[in-house]
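Participant: There's a structure below that I have some questions on.
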Amino acid sequence: MKPKPPSSVSDLVVAYPRRATASEHEIASQEALASRLAALLGRRFDPHFRPSRHRGEPPPYYVPDRTIIGVARAGRLGITRAADLYGGVAPHSFVAGKAITHGLIGPQAKAPKAWVASLADALRDVVLAGYTAFTPQDAEAAGMALLKHGPLRIKPVDANAGRGQIVARNADELRAGLAEQSAAVMRRLGLVLEEDLKDVVTYSVGWARVGKMEIAYVGTQSLTPDNQGVSVYGGSELRLARGGFDALRALDLSEHERQAVAMACQYDTAVSTAYPQLFASRRNYDVAFGVGAAGEPRAGVLEQSWRAGGASLAELAAMQAFALSPSMASVRAATRERYGEDAPRPIPQHLVFHGVDSAVGHISKSGGVLEDADGGA
């Protein structure tokens with residue numbers, strides 16, 4: 001019997017690139033996604049991949065832990081199209097974060113050379129009132145303008161899970177909140193100042209394609225106290241359709257779900273038009289519904305994600321369910337994050353991480369299918 005030839009790198013799925021500062025639960029999540037994607041694609045997951053060991057070989061399928069910045073950098077990894085990775089490639093670092101959701105305070109405000117000023121007008125109807133600033137001076141001017149209409153939220157664009165956000169109700173709180181921000185990070189990535197809502201419900205709207213499998217979804221996010229008692233992202237419960245947004249709209253969605261999908265699609269189209277070098281196989285949008293300072297209902301897209309995110313475990317669970325049941329048109333799936341030693345251990349099929357993480361303390365992470373389209377468990 002002839003020995004089996006070694007598998008090619010192009011047959012691999014890899015959890016790469018990864019930030020050097022990634023903590024244990026973040027590494028576990030990235031590797032869980034890569035392992036499930038390997039099963040879906042009929043490939044092999046390699047947890048030890050390094051591109052320096054495979055120069056000149058066909059590239060693997062990448063599962064990065066962040067949006068890859070720059071078409072040139074992506075090209076060096078062998079990523080030239082959305083089908084090469086689970087995530088996305090943005091042309092500039094500020095495009096990958098919250099900064100592009102809002103415009104500048106005025107024509108004299110500072111911004112990166114590649115900033116597309118016209119995007120703010122295209123997004124005006126689908127975002128909340130707010131501004132993006134790249135200098136402390138512009139941030140203070142933007143904040144003072146917003147305070148005329150009510151409290152505002154200071155949102156660092158390099159933070160996730162809702163961490164680091166500060167609510168300012170007056171000029172003193174605004175200045176104190178801005179004093180906590182890094183001027184260097186603000187200059188490179190921007191800082192968002194946005195109207196603060198009460199009684200907020202946040203929807204996740206997204207689309208992903210892996211191989212020939214395409215899904216679209218809408219659902220709600222939940223908050224949970226972390227180990228310091230701060231409310232942070234606690235998970236998502238999603239309704240997922242096999243196919244694109246037309247398939248999702250064909251489901252029995254609520255009025256808010258339909259509105260969230262419409263706003264996310266308009267946001268996606270506007271951003272793709274403004275930055276045509278952007279490409280992604282996974283697109284996710286957070287859409288908030290709440291009550292404004294004057295007591296009126298308000299809604300808007302908060303931010304986008306073109307990388308593996310909090311909802312991705314549910315996305316992959318749905319893809320696996322669709323792959324196993326070709327007649328299934330929709331499914332419900334969820335992700336869950338809980339903090340503290342008392343958090344129950346998830347069932348083995350859903351478990352991603354359960355233990356002490358060096359960055360956030362004790363955390364339990366899980367994700368999987370909740371029920372099929374007929375309501376079965």
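We name chains A, B, ... following the order of the structure tokens; residues begin at 1 in each chain, and ligands are numbered from 1 as shown.
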Mind the document's chain letters and residue numbers, and return as an MDAnalysis selection string the residues of range 207-339 of chain A that DSSP labels strand (DSSP E or B).
Facilitator: chainID A and resid 207:210 213:225 231:242 279:280 282:291 297:305 330:339
Participant: Excluding Ser182 in chain A and any residue of its chain fewer than 2 positions from it, enumerate the residues within 12 Å of it, using only C-alpha atoms, and give them as number ranges by chain.
Facilitator: A: 134-136, 139, 156-158, 164, 177-180, 184-191
Participant: So, with only C-alpha atoms as the atoms that count, which of A:Gly340, A:Gly309, A:Gly130, A:Gly290 lies closest to Ser204 in chain A?
Facilitator: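 Of the candidates, the smallest distance to Ser204 in chain A is held by A:Gly309.
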Participant: Calculate how many Å separate CA of His48 in chain A from CA of Ser312 in chain A, rounding to one decimal.
Facilitator: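 Taking CA of His48 in chain A and CA of Ser312 in chain A, their separation equals 21.8 Å.
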Participant: Neighbouring residues of His354 in chain A were defined as those with any atom within 7 Å, considering only C-alpha atoms; residues of the same chain fewer than 3 positions away were excluded. Please report them as a list in words.
Facilitator: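 My list of contacting residues is Arg345, Ile363, Ser364 and Lys365 of chain A.
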Participant: Could you write out that same residue set with C-alpha atoms as a tab-separated table (two decimals), in the first residue's frame?
Facilitator:
```
chain	number	residue	atom	x	y	z
A	345	ARG	CA	-21.04	24.55	32.68
A	363	ILE	CA	-16.12	33.09	32.00
A	364	SER	CA	-18.33	30.49	30.36
A	365	LYS	CA	-18.87	30.62	26.57
```
Participant: Excluding Ala90 in chain A and any residue of its chain fewer than 4 positions from it, enumerate the residues within 10 Å of it, using only C-alpha atoms, and give them as a list in words.
Facilitator: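 Non-adjacent residues within range: Thr67, Ile68, Ile69, Gly70, Val71, Ala74, Phe94, Val95, Ala96, Gly97, Tyr275, Pro276, Gln277, Leu278, Phe279, Ala280 and Trp306 of chain A.
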Participant: Enumerate, in order of chain and increasing residue number, the residues of range 219-338 of chain A with an atom no farther than 8 Å from range 117-120 of chain A, each with its shortest atom pair and distance in Å to one decimal, counting only C-alpha atoms, as JSON lines.
Facilitator:
```
{"residue": "A:Ala270", "atom": "CA", "partner": "A:Leu119", "partner_atom": "CA", "distance": 6.8}
{"residue": "A:Val271", "atom": "CA", "partner": "A:Leu119", "partner_atom": "CA", "distance": 7.0}
{"residue": "A:Ala274", "atom": "CA", "partner": "A:Leu119", "partner_atom": "CA", "distance": 6.2}
```
Participant: If we count only C-alpha atoms, what is near Ile105 in chain A at a cut-off of 8 Å, once residues fewer than 3 positions away on the same chain are taken out, given as a ChimeraX atom specification?
Facilitator: /A:109,131-133,138,141-142
Participant: Out of A:Phe322, A:Pro151, A:Arg73, A:Ser10, which residue has the shortest atom-to-atom distance to Gly56 in chain A when counting only C-alpha atoms?
Facilitator: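 Smallest separation from Gly56 in chain A among the options: A:Ser10.
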Participant: List as a ChimeraX atom specification the protein and nucleic acid residues near Gly355 in chain A, meaning an atom at most 9 Å away when only C-alpha atoms are counted, but skip any in the same chain fewer than 2 places from it.
Facilitator: /A:25,341,353,357,361-364
Participant: Can you list, as a JSON list (two decimals) with N, CA, C and O atoms, in the first residue's frame, every protein, DNA or RNA residue that comes within 7 Å of range 33-41 of chain A when you count only C-alpha atoms, leaving out same-chain residues fewer than 2 positions away?
Facilitator:
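Output (result.json):
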```json
[["chain", "number", "residue", "atom", "x", "y", "z"],
["A", 13, "VAL", "N", -7.77, 24.64, 7.46],
["A", 13, "VAL", "CA", -8.44, 25.80, 8.02],
["A", 13, "VAL", "C", -7.62, 26.22, 9.23],
["A", 13, "VAL", "O", -7.28, 25.38, 10.08],
["A", 14, "VAL", "N", -7.28, 27.50, 9.33],
["A", 14, "VAL", "CA", -6.37, 27.95, 10.38],
["A", 14, "VAL", "C", -6.93, 29.15, 11.14],
["A", 14, "VAL", "O", -7.58, 30.02, 10.55],
["A", 15, "ALA", "N", -6.70, 29.17, 12.44],
["A", 15, "ALA", "CA", -7.11, 30.29, 13.29],
["A", 15, "ALA", "C", -5.99, 31.31, 13.27],
["A", 15, "ALA", "O", -5.16, 31.40, 14.19],
["A", 29, "SER", "N", -12.35, 30.57, 21.43],
["A", 29, "SER", "CA", -13.45, 30.90, 20.51],
["A", 29, "SER", "C", -12.97, 30.84, 19.06],
["A", 29, "SER", "O", -13.65, 30.27, 18.19],
["A", 30, "GLN", "N", -11.81, 31.44, 18.78],
["A", 30, "GLN", "CA", -11.29, 31.45, 17.42],
["A", 30, "GLN", "C", -11.02, 30.02, 16.95],
["A", 30, "GLN", "O", -11.34, 29.65, 15.81],
["A", 31, "GLU", "N", -10.44, 29.20, 17.81],
["A", 31, "GLU", "CA", -10.13, 27.82, 17.41],
["A", 31, "GLU", "C", -11.38, 26.97, 17.29],
["A", 31, "GLU", "O", -11.46, 26.08, 16.42],
["A", 43, "ARG", "N", -12.27, 20.04, 5.38],
["A", 43, "ARG", "CA", -10.84, 20.26, 5.47],
["A", 43, "ARG", "C", -10.34, 19.87, 6.87],
["A", 43, "ARG", "O", -11.10, 19.36, 7.69],
["A", 44, "ARG", "N", -9.08, 20.15, 7.14],
["A", 44, "ARG", "CA", -8.48, 19.81, 8.42],
["A", 44, "ARG", "C", -8.07, 21.08, 9.15],
["A", 44, "ARG", "O", -7.47, 21.98, 8.55],
["A", 45, "PHE", "N", -8.39, 21.16, 10.43],
["A", 45, "PHE", "CA", -8.00, 22.30, 11.25],
["A", 45, "PHE", "C", -6.58, 22.10, 11.76],
["A", 45, "PHE", "O", -6.24, 21.07, 12.33],
["A", 63, "VAL", "N", -9.26, 31.98, 9.41],
["A", 63, "VAL", "CA", -10.27, 32.45, 10.37],
["A", 63, "VAL", "C", -9.56, 33.45, 11.28],
["A", 63, "VAL", "O", -9.08, 33.10, 12.37],
["A", 211, "GLY", "N", -17.99, 28.50, 1.57],
["A", 211, "GLY", "CA", -18.14, 27.58, 0.46],
["A", 211, "GLY", "C", -19.42, 27.91, -0.30],
["A", 211, "GLY", "O", -19.65, 29.05, -0.69],
["A", 313, "LEU", "N", -20.58, 31.76, 16.66],
["A", 313, "LEU", "CA", -20.83, 30.37, 17.06],
["A", 313, "LEU", "C", -22.23, 29.93, 16.65],
["A", 313, "LEU", "O", -22.44, 28.79, 16.22],
["A", 316, "LEU", "N", -22.25, 29.39, 12.77],
["A", 316, "LEU", "CA", -21.66, 28.11, 12.35],
["A", 316, "LEU", "C", -22.55, 26.94, 12.75],
["A", 316, "LEU", "O", -22.65, 25.95, 12.01],
["A", 320, "GLN", "N", -24.02, 24.19, 10.09],
["A", 320, "GLN", "CA", -23.88, 22.74, 10.27],
["A", 320, "GLN", "C", -25.25, 22.06, 10.22],
["A", 320, "GLN", "O", -25.40, 20.99, 9.62]]
```
